[in-house]
Structure formats: C-alpha cells, structure tokens
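J.: Got structure28.pdb for you, PDB, C-alpha atoms, pLDDT in the B column:
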MODEL        1
ATOM      1  CA  MET O  87       0.000   0.000   0.000  1.00 87.00           C
ATOM      2  CA  GLN O  88       1.169   3.502  -0.742  1.00 96.00           C
ATOM      3  CA  GLU O  89       1.316   6.229   1.899  1.00 96.00           C
ATOM      4  CA  GLU O  90      -1.003   8.493  -0.092  1.00 97.00           C
ATOM      5  CA  MET O  91      -3.718   5.824  -0.264  1.00 98.00           C
ATOM      6  CA  ILE O  92      -3.361   4.989   3.443  1.00 98.00           C
ATOM      7  CA  ASN O  93      -3.723   8.651   4.452  1.00 97.00           C
ATOM      8  CA  GLU O  94      -6.843   8.911   2.294  1.00 98.00           C
ATOM      9  CA  ILE O  95      -8.347   5.889   4.087  1.00 98.00           C
ATOM     10  CA  LEU O  96      -7.412   7.289   7.513  1.00 98.00           C
ATOM     11  CA  ASN O  97      -8.931  10.672   6.623  1.00 98.00           C
ATOM     12  CA  ARG O  98     -12.145   8.961   5.515  1.00 98.00           C
ATOM     13  CA  LEU O  99     -12.289   7.139   8.848  1.00 98.00           C
ATOM     14  CA  MET O 100     -11.704  10.427  10.677  1.00 97.00           C
ATOM     15  CA  THR O 101     -14.518  12.246   8.845  1.00 97.00           C
ATOM     16  CA  GLY O 102     -16.940   9.355   9.318  1.00 97.00           C
ATOM     17  CA  GLU O 103     -17.174   8.596   5.610  1.00 98.00           C
ATOM     18  CA  LEU O 104     -15.980   5.097   6.577  1.00 98.00           C
ATOM     19  CA  SER O 105     -17.071   3.531   9.864  1.00 98.00           C
ATOM     20  CA  GLU O 106     -14.284   0.926   9.793  1.00 98.00           C
ATOM     21  CA  TYR O 107     -11.526  -0.358   7.554  1.00 98.00           C
ATOM     22  CA  TYR O 108     -10.179  -3.896   7.309  1.00 98.00           C
ATOM     23  CA  VAL O 109      -6.402  -4.193   6.832  1.00 98.00           C
ATOM     24  CA  LYS O 110      -4.960  -7.481   5.607  1.00 97.00           C
ATOM     25  CA  ASN O 111      -1.944  -8.933   7.417  1.00 97.00           C
ATOM     26  CA  ASP O 112       0.252  -8.324   4.341  1.00 97.00           C
ATOM     27  CA  ASP O 113      -0.500  -4.569   4.425  1.00 97.00           C
ATOM     28  CA  PHE O 114      -0.412  -4.122   8.213  1.00 97.00           C
ATOM     29  CA  MET O 115       3.163  -2.853   8.607  1.00 96.00           C
ATOM     30  CA  ASP O 116       2.824  -0.301   5.781  1.00 97.00           C
ATOM     31  CA  PHE O 117      -0.505   0.875   7.215  1.00 98.00           C
ATOM     32  CA  ARG O 118       0.841   1.141  10.768  1.00 97.00           C
ATOM     33  CA  MET O 119       3.962   3.070   9.711  1.00 97.00           C
ATOM     34  CA  VAL O 120       1.732   5.800   8.255  1.00 98.00           C
ATOM     35  CA  LEU O 121      -0.761   5.679  11.127  1.00 98.00           C
ATOM     36  CA  VAL O 122       1.747   6.222  13.955  1.00 97.00           C
ATOM     37  CA  LYS O 123       3.054   9.413  12.285  1.00 97.00           C
ATOM     38  CA  ARG O 124      -0.354  11.084  12.550  1.00 97.00           C
ATOM     39  CA  LYS O 125      -1.178  13.582  15.295  1.00 96.00           C
ATOM     40  CA  ASP O 126      -4.558  11.884  15.819  1.00 97.00           C
ATOM     41  CA  PHE O 127      -2.973   8.431  16.184  1.00 97.00           C
ATOM     42  CA  LYS O 128      -4.629   7.825  19.579  1.00 97.00           C
ATOM     43  CA  HIS O 129      -8.089   8.211  18.022  1.00 98.00           C
ATOM     44  CA  PHE O 130      -7.661   5.059  15.947  1.00 98.00           C
ATOM     45  CA  ARG O 131      -8.480   1.664  17.415  1.00 97.00           C
ATOM     46  CA  GLY O 132      -7.187  -1.506  15.806  1.00 97.00           C
ATOM     47  CA  ILE O 133      -9.009  -4.712  16.597  1.00 97.00           C
ATOM     48  CA  GLY O 134      -6.942  -7.795  15.820  1.00 97.00           C
ATOM     49  CA  GLN O 135      -8.615 -10.472  13.737  1.00 97.00           C
ATOM     50  CA  ARG O 136      -7.832 -14.106  13.143  1.00 95.00           C
ATOM     51  CA  GLY O 137      -4.854 -14.551  10.831  1.00 94.00           C
ATOM     52  CA  GLY O 138      -3.190 -11.236  11.699  1.00 95.00           C
ATOM     53  CA  ASP O 139      -5.651  -8.918   9.963  1.00 97.00           C
ATOM     54  CA  VAL O 140      -6.768  -5.758  11.777  1.00 98.00           C
ATOM     55  CA  LEU O 141     -10.069  -3.875  11.763  1.00 98.00           C
ATOM     56  CA  TYR O 142      -9.549  -0.120  12.317  1.00 98.00           C
ATOM     57  CA  GLN O 143     -12.117   2.303  13.690  1.00 98.00           C
ATOM     58  CA  TYR O 144     -11.938   6.010  14.532  1.00 98.00           C
ATOM     59  CA  LEU O 145     -12.881   7.080  18.067  1.00 97.00           C
ATOM     60  CA  LYS O 146     -14.133  10.568  18.957  1.00 95.00           C
ATOM     61  CA  GLU O 147     -12.226  10.388  22.262  1.00 95.00           C
ATOM     62  CA  PRO O 148      -8.540   9.406  22.135  1.00 95.00           C
ATOM     63  CA  ARG O 149      -7.657   6.163  23.838  1.00 89.00           C
ATOM     64  CA  SER O 150      -5.319   6.393  26.797  1.00 84.00           C
TER      65      SER O 150
ENDMDL
END
Before we go any further, please render this structure as structure tokens.

T.:
Amino acid sequence: MQEEMINEILNRLMTGELSEYYVKNDDFMDFRMVLVKRKDFKHFRGIGQRGGDVLYQYLKEPRS
C-alpha cells in the first residue's frame, strides 16, 4: 500500500465517511507506519482479527 492511499483511508475514517476499515496482514506494517506518524494516532483503534488482519475504527475520544 502507498502512503497516499493509506492517508486517504485514515482521513475517511476520521470524517466518518468510513465507519471501519479492514487491513490485511500483508498490508499491516505499511498501514501502521503511516498511522503512527499522525497527530490523531490515539483516536484510531485496531481490533486484531484471526490470521493477523486488523479492523480499524476512529474514536471521537482518544484512547489512553
């Protein structure tokens, strides 16, 4: 996955255009590298799935 595409997905989660986004295990490291650079990183919740995939959601309140 390219950084530009990942940021677009994260922005869509932030605005509510997407309620959740499913990231395959193969794309996880690329996705996470972009995610942790964001100022609103703590607003994203990743829920681990079977096989190493992750389901991301955006929270209004940052997690601790």

J.: Mind pulling up the distance from atom CA of O:Leu99 to atom CA of O:Gln143?

T.: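 Atom-to-atom, atom CA of O:Gln143 and atom CA of O:Leu99 are spaced 6.8 Å apart.
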
J.: Provide the atom CA of O:Leu141 to atom CA of O:Met100 distance in Å, to one decimal place.

T.: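 Those two atoms sit 14.4 Å apart.
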
J.: Excluding O:Met115 and its own-chain neighbours fewer than 4 positions away, which residues fall within 12 Å of it when counting all atoms listed in the file? Please give them as a PyMOL selection string.

T.: chain O and resi 87-89+92+109-111+119-122+138-140

J.: Give the answer as one residue: which of O:Ser105, O:Lys123, O:Lys128, O:Ile133 has the shortest atom-to-atom distance to O:Glu147, using all atoms listed in the file?

T.: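 Ranked by minimum distance to O:Glu147, first place goes to O:Lys128.
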
J.: Pick the closest to O:Glu106 from O:Lys146, O:Arg131, O:Lys125, O:Arg118: which is it, counting all atoms listed in the file?

T.: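 Nearest to O:Glu106: O:Arg131.
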
J.: Could you work out how far atom CA of O:Phe114 lies from atom CA of O:Leu145, giving the answer in Å with one decimal?

T.: 19.4 Å

J.: Check the smallest atom-to-atom distance from each of O:Arg124, O:Phe130, O:Glu90, O:Tyr108 to O:Ser150 using all atoms listed in the file, then report the winner.

T.: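 Smallest separation from O:Ser150 among the options: O:Phe130.
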
J.: Counting only C-alpha atoms, which residue out of O:Tyr144, O:Met91, O:Arg98, O:Arg149 sits closest to O:Asp116?

T.: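 Among the listed residues, the smallest separation from O:Asp116 belongs to O:Met91.
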
J.: Tell me which of O:Asp113, O:Glu94, O:Tyr107, O:Thr101 sits closest to O:Gly132, counting all atoms listed in the file.

T.: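 With all atoms listed in the file as the atom set, the closest residue is O:Tyr107.
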
J.: Please give the centre and size of the box around stretch 122-133 of chain O (axis-aligned, containing every atom listed in the file, 5 Å added per side), with values in Å to one decimal and written as lines of an AutoDock Vina configuration file.

T.:
center_x = -3.0
center_y = 4.4
center_z = 15.9
size_x = 22.1
size_y = 28.3
size_z = 17.3
